[in-house]
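**Q** Just start-v8.txt, nothing more (compact mmCIF, C-alpha atoms):
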```txt
# COMPACT_ATOMS: atom_id res chain seq x y z
CA MET A 25 -17.91 10.73 -3.26
CA CYS A 26 -20.55 13.28 -2.28
CA LEU A 27 -22.94 14.13 -5.10
CA ASN A 28 -22.51 17.80 -4.23
CA THR A 29 -18.85 17.56 -5.14
CA CYS A 30 -17.68 20.14 -7.73
CA ILE A 31 -16.96 18.71 -11.18
CA LEU A 32 -15.08 20.74 -13.77
CA LEU A 33 -15.97 20.28 -17.42
CA ALA A 34 -13.17 21.95 -19.38
CA GLN A 35 -14.11 21.40 -23.01
CA LYS A 36 -13.43 23.34 -26.18
CA GLU A 37 -16.75 22.28 -27.76
CA GLU A 38 -20.08 23.34 -26.26
CA LYS A 39 -21.65 20.05 -27.40
CA ASN A 40 -19.17 18.12 -25.25
CA ILE A 41 -20.05 20.21 -22.21
CA GLU A 42 -23.72 19.54 -22.88
CA SER A 43 -23.30 15.81 -23.27
CA LEU A 44 -21.12 15.45 -20.15
CA SER A 45 -23.58 17.65 -18.18
CA THR A 46 -26.50 15.46 -19.22
CA ILE A 47 -24.68 12.24 -18.24
CA LEU A 48 -23.53 13.58 -14.88
CA LYS A 49 -26.84 15.23 -13.95
CA GLU A 50 -28.61 11.96 -14.71
CA HIS A 51 -26.45 10.44 -11.97
CA GLY A 52 -27.11 13.20 -9.48
CA TYR A 53 -24.04 15.38 -10.01
CA TYR A 54 -25.37 18.93 -10.32
CA ASN A 55 -22.46 21.02 -9.05
CA LEU A 56 -20.78 21.52 -12.42
CA ALA A 57 -18.28 24.24 -13.35
CA THR A 58 -17.41 24.82 -16.98
CA ALA A 59 -14.44 26.26 -18.83
CA ARG A 60 -13.92 26.70 -22.56
CA ASP A 61 -10.16 27.31 -22.49
CA GLY A 62 -7.15 26.13 -20.49
CA LEU A 63 -6.58 29.36 -18.58
CA ASP A 64 -10.16 29.41 -17.30
CA ALA A 65 -9.78 25.74 -16.37
CA ILE A 66 -6.68 26.47 -14.28
CA LYS A 67 -8.47 29.42 -12.65
CA ILE A 68 -11.41 27.20 -11.67
CA PHE A 69 -9.00 24.60 -10.25
CA GLU A 70 -7.52 27.32 -8.05
CA GLU A 71 -10.80 28.89 -7.01
CA LYS A 72 -13.12 25.89 -6.61
CA SER A 73 -10.77 22.91 -6.12
CA PRO A 74 -13.00 20.52 -8.07
CA SER A 75 -12.87 16.86 -7.00
CA ILE A 76 -13.38 15.58 -10.54
CA ALA A 77 -12.40 17.12 -13.88
CA PHE A 78 -12.89 16.25 -17.54
CA VAL A 79 -10.17 18.13 -19.38
CA ASP A 80 -10.10 18.33 -23.17
CA THR A 81 -6.70 17.91 -24.86
CA ALA A 82 -7.76 20.46 -27.50
CA LEU A 83 -8.49 23.38 -25.14
CA PRO A 84 -7.37 26.75 -26.56
CA LEU A 85 -4.81 29.04 -24.82
CA ALA A 86 -3.44 26.22 -22.65
CA ASP A 87 -4.14 22.68 -23.86
CA GLY A 88 -5.46 19.88 -21.65
CA LEU A 89 -2.06 18.41 -20.87
CA THR A 90 -0.73 21.84 -19.86
CA VAL A 91 -3.70 22.17 -17.52
CA VAL A 92 -3.05 18.74 -15.97
CA CYS A 93 0.65 19.54 -15.62
CA ASN A 94 -0.18 22.83 -13.88
CA VAL A 95 -2.75 21.56 -11.44
CA ARG A 96 -1.45 18.09 -10.58
CA GLN A 97 1.45 19.25 -8.43
CA GLU A 98 -0.93 21.12 -6.12
CA ASN A 99 -3.94 18.88 -6.29
CA LYS A 100 -3.12 15.22 -5.85
CA ASP A 101 -6.62 14.09 -4.98
CA CYS A 102 -8.67 15.45 -7.88
CA LEU A 103 -9.80 12.73 -10.26
CA ILE A 104 -8.79 13.90 -13.73
CA ALA A 105 -9.92 12.43 -17.04
CA VAL A 106 -8.24 13.81 -20.11
CA THR A 107 -10.61 13.72 -23.06
CA SER A 108 -9.86 13.65 -26.75
CA SER A 109 -11.59 13.22 -30.10
CA ALA A 110 -9.25 10.40 -31.11
CA TYR A 111 -6.89 7.77 -29.72
CA ASN A 112 -3.24 8.65 -29.81
CA LYS A 113 -0.99 6.34 -27.80
CA ALA A 114 1.75 8.91 -27.21
CA LEU A 115 -0.82 11.43 -25.97
CA VAL A 116 -2.43 8.89 -23.62
CA GLU A 117 0.94 7.97 -22.17
CA ARG A 118 1.90 11.61 -21.70
CA ALA A 119 -1.41 12.32 -19.98
CA ALA A 120 -1.03 9.33 -17.66
CA GLY A 121 2.58 10.32 -16.99
CA LEU A 122 1.42 13.79 -15.93
CA GLY A 123 -1.00 12.22 -13.47
CA ALA A 124 -4.28 11.90 -15.40
CA ASP A 125 -6.46 9.11 -14.01
CA GLY A 126 -8.19 8.34 -17.27
CA PHE A 127 -8.22 9.07 -20.99
CA ILE A 128 -11.72 9.24 -22.44
CA ILE A 129 -12.39 9.27 -26.16
CA GLU A 130 -15.32 11.23 -27.59
CA PRO A 131 -18.23 10.81 -28.15
CA PHE A 132 -19.14 10.60 -24.46
CA SER A 133 -21.78 8.09 -23.50
CA ILE A 134 -23.32 7.12 -20.20
CA ASP A 135 -22.03 3.53 -20.52
CA TYR A 136 -18.50 4.79 -20.94
CA VAL A 137 -18.24 7.77 -18.59
CA ILE A 138 -20.09 6.47 -15.50
CA PRO A 139 -18.24 3.13 -15.19
CA TRP A 140 -14.95 5.01 -15.60
CA LEU A 141 -16.01 7.44 -12.89
CA MET A 142 -17.10 4.73 -10.44
CA VAL A 143 -14.03 2.53 -10.94
CA SER A 144 -11.68 5.52 -10.72
CA LEU A 145 -13.30 6.90 -7.56
CA ALA A 146 -12.92 3.52 -5.88
CA GLU A 147 -9.29 3.32 -6.99
CA LYS A 148 -8.63 6.85 -5.73
CA ARG A 149 -10.08 5.90 -2.32
CA ARG A 150 -7.78 2.88 -2.14
CA GLN A 151 -4.77 4.98 -3.16
CA ARG A 152 -5.59 7.57 -0.52
CA MET A 153 -5.91 4.95 2.21
CA PHE A 154 -2.66 3.31 1.14
CA ARG A 155 -0.84 6.66 1.04
CA ASN A 156 -2.13 7.60 4.50
CA GLU A 157 -1.04 4.26 5.91
CA PHE A 158 2.40 4.61 4.32
CA ASP A 159 2.83 8.21 5.54
CA MET A 160 1.80 7.18 9.05
CA LEU A 161 4.26 4.28 9.10
CA CYS A 162 7.05 6.56 7.81
CA SER A 163 6.30 9.19 10.40
CA ASP A 164 6.14 6.63 13.26
CA PHE A 165 9.44 5.13 12.13
CA ASN A 166 11.14 8.52 11.89
CA GLU A 167 9.84 9.45 15.33
CA GLN A 168 11.19 6.19 16.71
CA LEU A 169 14.61 6.85 15.14
CA MET A 170 14.69 10.36 16.58
CA LEU A 171 13.72 9.07 20.02
CA GLU A 172 16.47 6.46 19.98
CA LYS A 173 19.00 9.01 18.78
CA THR A 174 18.00 11.33 21.63
CA ILE A 175 18.17 8.54 24.19
CA GLY A 176 21.67 7.70 22.94
CA MET A 177 22.68 11.37 23.14
CA ILE A 178 21.38 11.79 26.70
CA SER A 179 22.94 8.56 27.89
CA GLU A 180 26.36 9.63 26.47
CA GLN A 181 26.18 13.17 27.85
CA ASN A 182 24.98 12.20 31.32
CA LYS A 183 26.73 8.84 31.63
CA MET A 184 23.37 7.15 32.04
CA SER A 185 22.35 3.69 30.90
CA TYR A 186 20.06 3.45 27.90
CA GLU A 187 17.11 2.61 30.13
CA GLN A 188 17.86 5.48 32.49
CA ALA A 189 17.99 7.92 29.58
CA ARG A 190 14.67 6.62 28.29
CA ALA A 191 13.12 6.96 31.75
CA PHE A 192 14.53 10.50 31.98
CA ILE A 193 12.74 11.55 28.77
CA GLU A 194 9.50 9.89 29.89
CA LYS A 195 9.73 11.68 33.23
CA LEU A 196 10.30 15.01 31.49
CA SER A 197 7.27 14.35 29.31
CA LYS A 198 5.12 13.75 32.38
CA GLU A 199 6.43 16.69 34.39
CA LYS A 200 6.23 19.20 31.56
CA GLU A 201 3.01 17.78 30.17
CA MET A 202 4.53 17.59 26.70
CA SER A 203 4.50 14.63 24.35
CA VAL A 204 7.68 12.54 24.13
CA SER A 205 7.98 13.40 20.43
CA LYS A 206 7.78 17.15 21.17
CA ILE A 207 10.54 16.85 23.81
CA VAL A 208 12.67 14.82 21.39
CA GLN A 209 12.19 17.50 18.73
CA ILE A 210 13.29 20.26 21.12
CA LEU A 211 16.27 18.34 22.48
CA GLN A 212 17.47 17.44 19.01
CA LYS A 213 17.52 21.12 18.04
CA MET B 9 -0.41 -10.32 -35.67
CA SER B 10 1.17 -8.25 -32.90
CA CYS B 11 3.87 -5.71 -33.65
CA GLU B 12 7.45 -6.83 -33.06
CA CYS B 13 8.00 -4.89 -29.85
CA GLU B 14 11.00 -5.53 -27.66
CA ASN B 15 8.83 -5.52 -24.53
CA PRO B 16 5.30 -6.46 -25.51
CA VAL B 17 2.57 -5.99 -22.94
CA THR B 18 1.10 -9.43 -22.27
CA VAL B 19 -2.68 -9.75 -22.24
CA LEU B 20 -5.01 -12.56 -21.27
CA ILE B 21 -8.49 -12.34 -22.73
CA ALA B 22 -11.43 -14.22 -21.28
CA ASP B 23 -14.82 -14.33 -22.95
CA ASP B 24 -17.16 -17.24 -23.57
CA ASP B 25 -17.91 -15.87 -27.04
CA LYS B 26 -15.25 -16.94 -29.52
CA ASN B 27 -16.19 -14.09 -31.89
CA VAL B 28 -15.45 -11.55 -29.15
CA ARG B 29 -12.05 -13.15 -28.52
CA MET B 30 -11.26 -12.99 -32.23
CA ALA B 31 -12.39 -9.37 -32.42
CA LEU B 32 -10.16 -8.52 -29.47
CA GLU B 33 -7.21 -10.23 -31.10
CA SER B 34 -7.65 -7.99 -34.11
CA VAL B 35 -7.86 -4.90 -31.84
CA PHE B 36 -4.43 -5.78 -30.46
CA ALA B 37 -2.87 -6.58 -33.85
CA ALA B 38 -0.04 -4.17 -34.66
CA THR B 39 -0.06 -2.76 -31.12
CA PRO B 40 2.40 -3.39 -28.27
CA TYR B 41 -0.27 -5.60 -26.66
CA GLN B 42 0.30 -9.28 -27.17
CA VAL B 43 -2.46 -11.76 -26.46
CA ILE B 44 -0.65 -14.63 -24.74
CA ALA B 45 -3.67 -16.66 -23.68
CA GLN B 46 -7.41 -16.95 -24.17
CA ALA B 47 -9.98 -18.39 -21.83
CA SER B 48 -13.65 -19.17 -22.29
CA ASN B 49 -14.59 -19.14 -18.60
CA GLY B 50 -13.50 -17.56 -15.32
CA ALA B 51 -11.86 -20.66 -13.87
CA GLN B 52 -9.71 -21.11 -16.97
CA ALA B 53 -8.78 -17.40 -16.87
CA LEU B 54 -7.75 -17.74 -13.24
CA SER B 55 -5.62 -20.81 -13.87
CA LEU B 56 -3.94 -19.18 -16.91
CA CYS B 57 -3.20 -16.06 -14.87
CA ARG B 58 -1.62 -18.22 -12.17
CA ARG B 59 0.60 -19.83 -14.80
CA LEU B 60 1.44 -16.87 -17.03
CA SER B 61 1.12 -13.71 -14.85
CA PRO B 62 -0.03 -11.47 -17.72
CA ASP B 63 0.39 -7.71 -17.51
CA ILE B 64 -3.34 -7.31 -18.14
CA ALA B 65 -6.32 -9.63 -17.69
CA LEU B 66 -9.25 -8.50 -19.84
CA LEU B 67 -12.31 -10.31 -18.52
CA ASP B 68 -15.93 -10.67 -19.55
CA ILE B 69 -18.36 -10.84 -16.62
CA LYS B 70 -20.93 -13.44 -17.59
CA MET B 71 -19.01 -16.65 -18.22
CA PRO B 72 -19.73 -20.27 -17.28
CA ILE B 73 -18.17 -22.11 -14.30
CA MET B 74 -16.81 -18.92 -12.73
CA THR B 75 -17.87 -15.35 -13.50
CA GLY B 76 -15.40 -12.66 -14.49
CA ILE B 77 -15.94 -10.83 -11.18
CA GLU B 78 -15.19 -13.97 -9.16
CA ALA B 79 -12.06 -14.59 -11.22
CA ALA B 80 -11.04 -10.91 -10.90
CA LYS B 81 -11.38 -11.12 -7.12
CA GLU B 82 -8.88 -13.98 -6.91
CA ILE B 83 -6.55 -12.59 -9.57
CA ILE B 84 -6.33 -9.26 -7.72
CA ARG B 85 -6.08 -10.82 -4.25
CA ASP B 86 -3.20 -13.08 -5.29
CA GLY B 87 -1.52 -10.49 -7.55
CA LEU B 88 -1.67 -12.80 -10.58
CA SER B 89 -1.85 -10.01 -13.15
CA GLY B 90 -0.56 -6.42 -13.36
CA CYS B 91 -4.15 -5.23 -13.60
CA VAL B 92 -7.66 -6.44 -14.39
CA VAL B 93 -10.04 -4.73 -16.79
CA MET B 94 -13.63 -5.83 -17.28
CA LEU B 95 -15.15 -5.83 -20.78
CA THR B 96 -18.80 -6.71 -20.62
CA ALA B 97 -22.26 -6.21 -22.03
CA PHE B 98 -23.56 -5.35 -18.53
CA ASN B 99 -23.94 -1.66 -17.82
CA ASP B 100 -26.01 -2.01 -14.62
CA LEU B 101 -24.51 0.08 -11.87
CA GLU B 102 -24.66 -2.89 -9.52
CA TYR B 103 -22.15 -4.75 -11.68
CA VAL B 104 -19.93 -1.70 -12.02
CA GLU B 105 -20.05 -1.15 -8.26
CA ASN B 106 -19.21 -4.77 -7.60
CA ALA B 107 -16.26 -4.67 -10.00
CA SER B 108 -15.04 -1.36 -8.51
CA GLU B 109 -15.02 -2.76 -5.00
CA THR B 110 -13.15 -5.81 -6.25
CA GLY B 111 -10.36 -3.49 -7.33
CA VAL B 112 -10.50 -3.69 -11.13
CA ALA B 113 -8.55 -1.00 -12.95
CA GLY B 114 -11.08 -0.47 -15.73
CA TYR B 115 -14.63 -1.28 -16.77
CA LEU B 116 -15.66 -1.12 -20.43
CA VAL B 117 -19.08 -1.81 -21.85
CA LYS B 118 -19.44 -3.60 -25.19
CA PRO B 119 -19.67 -3.23 -28.16
CA ILE B 120 -15.92 -3.44 -28.66
CA ASP B 121 -14.36 -0.08 -29.48
CA SER B 122 -10.65 -0.30 -30.18
CA SER B 123 -9.84 3.32 -29.23
CA ARG B 124 -11.60 3.01 -25.89
CA ILE B 125 -9.98 -0.34 -25.14
CA LEU B 126 -6.47 0.80 -26.05
CA SER B 127 -6.66 4.12 -24.20
CA THR B 128 -8.09 2.40 -21.11
CA LEU B 129 -5.39 -0.26 -21.12
CA ASP B 130 -2.62 2.33 -21.66
CA VAL B 131 -3.74 4.26 -18.57
CA CYS B 132 -4.38 1.14 -16.46
CA LEU B 133 -0.92 -0.17 -17.25
CA LYS B 134 0.70 3.08 -16.18
CA LYS B 135 -1.33 3.15 -12.94
CA ALA B 136 -0.50 -0.51 -12.27
CA GLY B 137 3.20 0.39 -12.48
CA GLU B 138 2.68 3.15 -9.92
CA SER B 139 0.75 0.82 -7.58
CA THR B 140 3.50 -1.77 -7.81
CA LYS B 141 6.07 0.88 -6.95
CA ALA B 142 3.97 2.06 -3.99
CA ARG B 143 3.61 -1.52 -2.73
CA ASN B 144 7.36 -2.09 -3.09
CA ASP B 145 8.04 1.11 -1.13
CA MET B 146 5.79 -0.20 1.65
CA VAL B 147 7.57 -3.59 1.70
CA GLU B 148 10.92 -1.80 1.79
CA LEU B 149 9.82 0.39 4.71
CA GLN B 150 8.55 -2.65 6.64
CA LYS B 151 11.86 -4.42 6.01
CA ARG B 152 13.77 -1.40 7.30
CA GLN B 153 11.61 -1.28 10.41
CA SER B 154 12.07 -4.97 11.07
CA SER B 155 15.84 -4.76 10.51
CA HIS B 156 16.02 -1.72 12.78
CA GLU B 157 14.12 -3.57 15.52
CA THR B 158 16.54 -6.51 15.30
CA VAL B 159 19.59 -4.22 15.53
CA LYS B 160 18.02 -2.36 18.44
CA ARG B 161 17.36 -5.58 20.38
CA ALA B 162 20.90 -6.78 19.72
CA LYS B 163 22.28 -3.42 20.93
CA LEU B 164 20.32 -3.67 24.18
CA LEU B 165 21.55 -7.22 24.77
CA ILE B 166 25.16 -6.21 24.09
CA MET B 167 24.85 -3.18 26.39
CA GLU B 168 23.49 -5.34 29.18
CA ASN B 169 26.00 -8.12 28.62
CA ARG B 170 29.10 -5.97 28.27
CA ASN B 171 27.98 -3.07 30.39
CA CYS B 172 28.80 -0.64 27.59
CA SER B 173 27.08 2.41 26.09
CA GLU B 174 24.61 2.32 23.23
CA GLN B 175 27.20 3.96 20.98
CA ASP B 176 29.77 1.24 21.82
CA ALA B 177 27.23 -1.50 21.11
CA TYR B 178 26.37 0.13 17.81
CA THR B 179 30.04 0.51 16.88
CA LEU B 180 30.64 -3.15 17.65
CA LEU B 181 27.78 -4.25 15.39
CA ARG B 182 28.86 -1.91 12.61
CA GLU B 183 32.52 -2.98 12.78
CA LEU B 184 31.63 -6.68 12.71
CA SER B 185 29.27 -6.06 9.81
CA ARG B 186 32.09 -4.31 7.91
CA ARG B 187 34.74 -6.92 8.68
CA LYS B 188 32.55 -9.93 7.91
CA ASN B 189 30.98 -8.17 4.95
CA VAL B 190 27.44 -9.04 6.05
CA SER B 191 24.51 -6.80 6.91
CA MET B 192 24.18 -5.30 10.38
CA GLU B 193 20.89 -7.13 10.67
CA ALA B 194 22.66 -10.48 10.15
CA VAL B 195 25.28 -9.62 12.78
CA ALA B 196 22.50 -8.50 15.14
CA LYS B 197 20.64 -11.78 14.65
CA GLY B 198 23.86 -13.65 15.52
CA PHE B 199 24.17 -11.69 18.78
CA ILE B 200 20.52 -12.23 19.68
CA GLU B 201 20.99 -15.98 19.20
CA LYS B 202 24.24 -16.04 21.16
CA LEU B 203 23.14 -13.83 24.03
CA GLY B 204 19.93 -15.67 24.64
CA GLY B 205 17.26 -13.41 23.19
CA THR B 206 14.68 -14.61 20.72
CA ASP B 207 14.38 -13.12 17.26
CA ASP B 208 10.71 -13.31 16.52
```
Mind turning the file's structure into structure tokens?

**A**
Amino acid sequence: MCLNTCILLAQKEEKNIESLSTILKEHGYYNLATARDGLDAIKIFEEKSPSIAFVDTALPLADGLTVVCNVRQENKDCLIAVTSSAYNKALVERAAGLGADGFIIEPFSIDYVIPWLMVSLAEKRRQRMFRNEFDMLCSDFNEQLMLEKTIGMISEQNKMSYEQARAFIEKLSKEKEMSVSKIVQILQK
Amino acid sequence: MSCECENPVTVLIADDDKNVRMALESVFAATPYQVIAQASNGAQALSLCRRLSPDIALLDIKMPIMTGIEAAKEIIRDGLSGCVVMLTAFNDLEYVENASETGVAGYLVKPIDSSRILSTLDVCLKKAGESTKARNDMVELQKRQSSHETVKRAKLLIMENRNCSEQDAYTLLRELSRRKNVSMEAVAKGFIEKLGGTDD
């Protein structure tokens, strides 16, 4: 993660913003945005797309979980820690269920926040790689299914063998200088 | 004493300090977390994870015989625990970095703080469930691809052998699958064997 990455500190208490700022600046993170209520937090999510956020459960106007709920659908990649003054199992589970990556209990300390951040960033990277690999496999498979369906369709319509129909599509792709998948898409429509 | 939950979350704790293990046991008392095993070194933790597959392995780093990081590496690689969380006195970034790259789900620095431990484990457990689901989805997709490949090869062999269309070959496989009440993949494998192809 680039140190210039934008980090949102959405905290009801000024002292929490100060302590998180100190910890993060000590580790080279200077691009910090702050919000003191949930509506401002959501606005900053929309305007600055922070990569990391520390969101207080006790934010006024829209609480931390409402913020997470609002932004998570749009922003899958942001690393979000929900923060709270006390442990409450139901709250932690709700936060995690809404897509929070961590639940950090105040007071914030360097030994607590930085390891969480490092471990979570590494986990996020792994998740992203896994998701990309899965999406690519899905898309390749779907393309393959579409191609086979099209070959079947052409071979039925033109009384061609399966191999002839495949060769026909490949020839079209060459002649028209279009990818096989693009031709399949058009023919299927 | 753990609470009497219907589905307790099983935890293995590994620390060479007996006092730490006892303190952790009291953290988990009256919570859904149930300590099912304790280890005083990394090798013992690894062997207990192999035997008991706990939901969570909570490991110290500096332990004799095998360090917590070394144990974590093998536990994660072999999927012996739902997730691994480090609980250590070391706050050096080098250790944290090392643990992160190993794939641990959490890293907590001592002294023991029950709120921090419980909230970290709650989140890690939830994330572990999501990772398991994602891995299962991947396995399922790979199975579908492999099954599709087998059916496709069988179709081509049938088409060549019977001089029929792809649709006819597909219908034949589907009908046999329905009549024999077995998967199309199984029928396809039978054809591949019979018609001389290899199913590798």

**Q** For Ser73 (chain A), which residue out of A:Ala57, A:Val137, A:Leu145, A:Met184 is the nearest one, using all atoms listed in the file?

**A**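 Smallest distance to Ser73 (chain A) is found for A:Ala57.
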
**Q** Using all atoms listed in the file for the distances, tell me which of A:Val79, A:Ile207, A:Ile31, A:Ala65 is nearest to Glu167 (chain A).

**A**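 Closest to Glu167 (chain A) of all the choices is A:Ile207.
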
**Q** Where does chain B meet chain A within 10 Å, residue by residue, with the nearest atom pair and distance in Å to one decimal for each, counting only C-alpha atoms, listed by chain and rising number, as JSON lines?

**A**
```
{"residue": "B:Thr39", "atom": "CA", "partner": "A:Lys113", "partner_atom": "CA", "distance": 9.7}
{"residue": "B:Ala97", "atom": "CA", "partner": "A:Asp135", "partner_atom": "CA", "distance": 9.9}
{"residue": "B:Phe98", "atom": "CA", "partner": "A:Asp135", "partner_atom": "CA", "distance": 9.2}
{"residue": "B:Asn99", "atom": "CA", "partner": "A:Asp135", "partner_atom": "CA", "distance": 6.2}
{"residue": "B:Asp100", "atom": "CA", "partner": "A:Asp135", "partner_atom": "CA", "distance": 9.0}
{"residue": "B:Leu101", "atom": "CA", "partner": "A:Pro139", "partner_atom": "CA", "distance": 7.7}
{"residue": "B:Tyr103", "atom": "CA", "partner": "A:Pro139", "partner_atom": "CA", "distance": 9.5}
{"residue": "B:Val104", "atom": "CA", "partner": "A:Pro139", "partner_atom": "CA", "distance": 6.0}
{"residue": "B:Glu105", "atom": "CA", "partner": "A:Met142", "partner_atom": "CA", "distance": 6.9}
{"residue": "B:Asn106", "atom": "CA", "partner": "A:Val143", "partner_atom": "CA", "distance": 9.6}
{"residue": "B:Ala107", "atom": "CA", "partner": "A:Val143", "partner_atom": "CA", "distance": 7.6}
{"residue": "B:Ser108", "atom": "CA", "partner": "A:Val143", "partner_atom": "CA", "distance": 4.7}
{"residue": "B:Glu109", "atom": "CA", "partner": "A:Ala146", "partner_atom": "CA", "distance": 6.7}
{"residue": "B:Thr110", "atom": "CA", "partner": "A:Ala146", "partner_atom": "CA", "distance": 9.3}
{"residue": "B:Gly111", "atom": "CA", "partner": "A:Glu147", "partner_atom": "CA", "distance": 6.9}
{"residue": "B:Val112", "atom": "CA", "partner": "A:Val143", "partner_atom": "CA", "distance": 7.2}
{"residue": "B:Ala113", "atom": "CA", "partner": "A:Val143", "partner_atom": "CA", "distance": 6.8}
{"residue": "B:Gly114", "atom": "CA", "partner": "A:Val143", "partner_atom": "CA", "distance": 6.4}
{"residue": "B:Tyr115", "atom": "CA", "partner": "A:Pro139", "partner_atom": "CA", "distance": 5.9}
{"residue": "B:Leu116", "atom": "CA", "partner": "A:Tyr136", "partner_atom": "CA", "distance": 6.6}
{"residue": "B:Val117", "atom": "CA", "partner": "A:Asp135", "partner_atom": "CA", "distance": 6.2}
{"residue": "B:Lys118", "atom": "CA", "partner": "A:Asp135", "partner_atom": "CA", "distance": 8.9}
{"residue": "B:Ser122", "atom": "CA", "partner": "A:Tyr111", "partner_atom": "CA", "distance": 8.9}
{"residue": "B:Ser123", "atom": "CA", "partner": "A:Tyr111", "partner_atom": "CA", "distance": 5.4}
{"residue": "B:Arg124", "atom": "CA", "partner": "A:Ile129", "partner_atom": "CA", "distance": 6.3}
{"residue": "B:Ile125", "atom": "CA", "partner": "A:Tyr111", "partner_atom": "CA", "distance": 9.8}
{"residue": "B:Leu126", "atom": "CA", "partner": "A:Tyr111", "partner_atom": "CA", "distance": 7.9}
{"residue": "B:Ser127", "atom": "CA", "partner": "A:Phe127", "partner_atom": "CA", "distance": 6.1}
{"residue": "B:Thr128", "atom": "CA", "partner": "A:Phe127", "partner_atom": "CA", "distance": 6.7}
{"residue": "B:Leu129", "atom": "CA", "partner": "A:Phe127", "partner_atom": "CA", "distance": 9.8}
{"residue": "B:Asp130", "atom": "CA", "partner": "A:Glu117", "partner_atom": "CA", "distance": 6.7}
{"residue": "B:Val131", "atom": "CA", "partner": "A:Ala120", "partner_atom": "CA", "distance": 5.8}
{"residue": "B:Cys132", "atom": "CA", "partner": "A:Gly126", "partner_atom": "CA", "distance": 8.2}
{"residue": "B:Leu133", "atom": "CA", "partner": "A:Ala120", "partner_atom": "CA", "distance": 9.5}
{"residue": "B:Lys134", "atom": "CA", "partner": "A:Ala120", "partner_atom": "CA", "distance": 6.7}
{"residue": "B:Lys135", "atom": "CA", "partner": "A:Ala120", "partner_atom": "CA", "distance": 7.8}
{"residue": "B:Ser139", "atom": "CA", "partner": "A:Gln151", "partner_atom": "CA", "distance": 8.2}
{"residue": "B:Ala142", "atom": "CA", "partner": "A:Arg155", "partner_atom": "CA", "distance": 8.3}
{"residue": "B:Arg143", "atom": "CA", "partner": "A:Phe154", "partner_atom": "CA", "distance": 8.8}
{"residue": "B:Asp145", "atom": "CA", "partner": "A:Phe158", "partner_atom": "CA", "distance": 8.6}
{"residue": "B:Met146", "atom": "CA", "partner": "A:Phe158", "partner_atom": "CA", "distance": 6.5}
{"residue": "B:Leu149", "atom": "CA", "partner": "A:Cys162", "partner_atom": "CA", "distance": 7.4}
{"residue": "B:Gln150", "atom": "CA", "partner": "A:Leu161", "partner_atom": "CA", "distance": 8.5}
{"residue": "B:Arg152", "atom": "CA", "partner": "A:Phe165", "partner_atom": "CA", "distance": 9.2}
{"residue": "B:Gln153", "atom": "CA", "partner": "A:Phe165", "partner_atom": "CA", "distance": 7.0}
{"residue": "B:His156", "atom": "CA", "partner": "A:Leu169", "partner_atom": "CA", "distance": 9.0}
{"residue": "B:Lys160", "atom": "CA", "partner": "A:Glu172", "partner_atom": "CA", "distance": 9.1}
{"residue": "B:Leu164", "atom": "CA", "partner": "A:Tyr186", "partner_atom": "CA", "distance": 8.0}
{"residue": "B:Met167", "atom": "CA", "partner": "A:Tyr186", "partner_atom": "CA", "distance": 8.3}
{"residue": "B:Glu168", "atom": "CA", "partner": "A:Ser185", "partner_atom": "CA", "distance": 9.3}
{"residue": "B:Asn171", "atom": "CA", "partner": "A:Ser185", "partner_atom": "CA", "distance": 8.8}
{"residue": "B:Cys172", "atom": "CA", "partner": "A:Ser185", "partner_atom": "CA", "distance": 8.4}
{"residue": "B:Ser173", "atom": "CA", "partner": "A:Ser185", "partner_atom": "CA", "distance": 6.9}
{"residue": "B:Glu174", "atom": "CA", "partner": "A:Gly176", "partner_atom": "CA", "distance": 6.1}
{"residue": "B:Gln175", "atom": "CA", "partner": "A:Gly176", "partner_atom": "CA", "distance": 7.0}
```

**Q** Quick one: distance from CA of Asn144 (chain B) to CA of Gly87 (chain B) in Å, one decimal?

**A** 13.0 Å

**Q** What's the separation between CA of Ser75 (chain A) and CA of Gly62 (chain A), in Å to one decimal place?

**A**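 Spanning CA of Ser75 (chain A) to CA of Gly62 (chain A) is a straight-line distance of 17.3 Å.
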
**Q** For Ser48 (chain B), which of B:Leu32, B:Ala22, B:Ala65, B:Leu165 is the closest residue, counting only C-alpha atoms?

**A**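 Once distances to Ser48 (chain B) are computed over only C-alpha atoms, the minimum belongs to B:Ala22.
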
**Q** To one decimal place in Å, what is the distance between CA of Val93 (chain B) and CA of Leu66 (chain B)?

**A**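 Rounded to one decimal, the two atoms are 4.9 Å apart.
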
**Q** Pick the closest to Asp101 (chain A) from A:Cys30, A:Ile76, A:Val208, A:Leu89: which is it, counting all atoms listed in the file?

**A**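 The closest residue to Asp101 (chain A) is A:Ile76.
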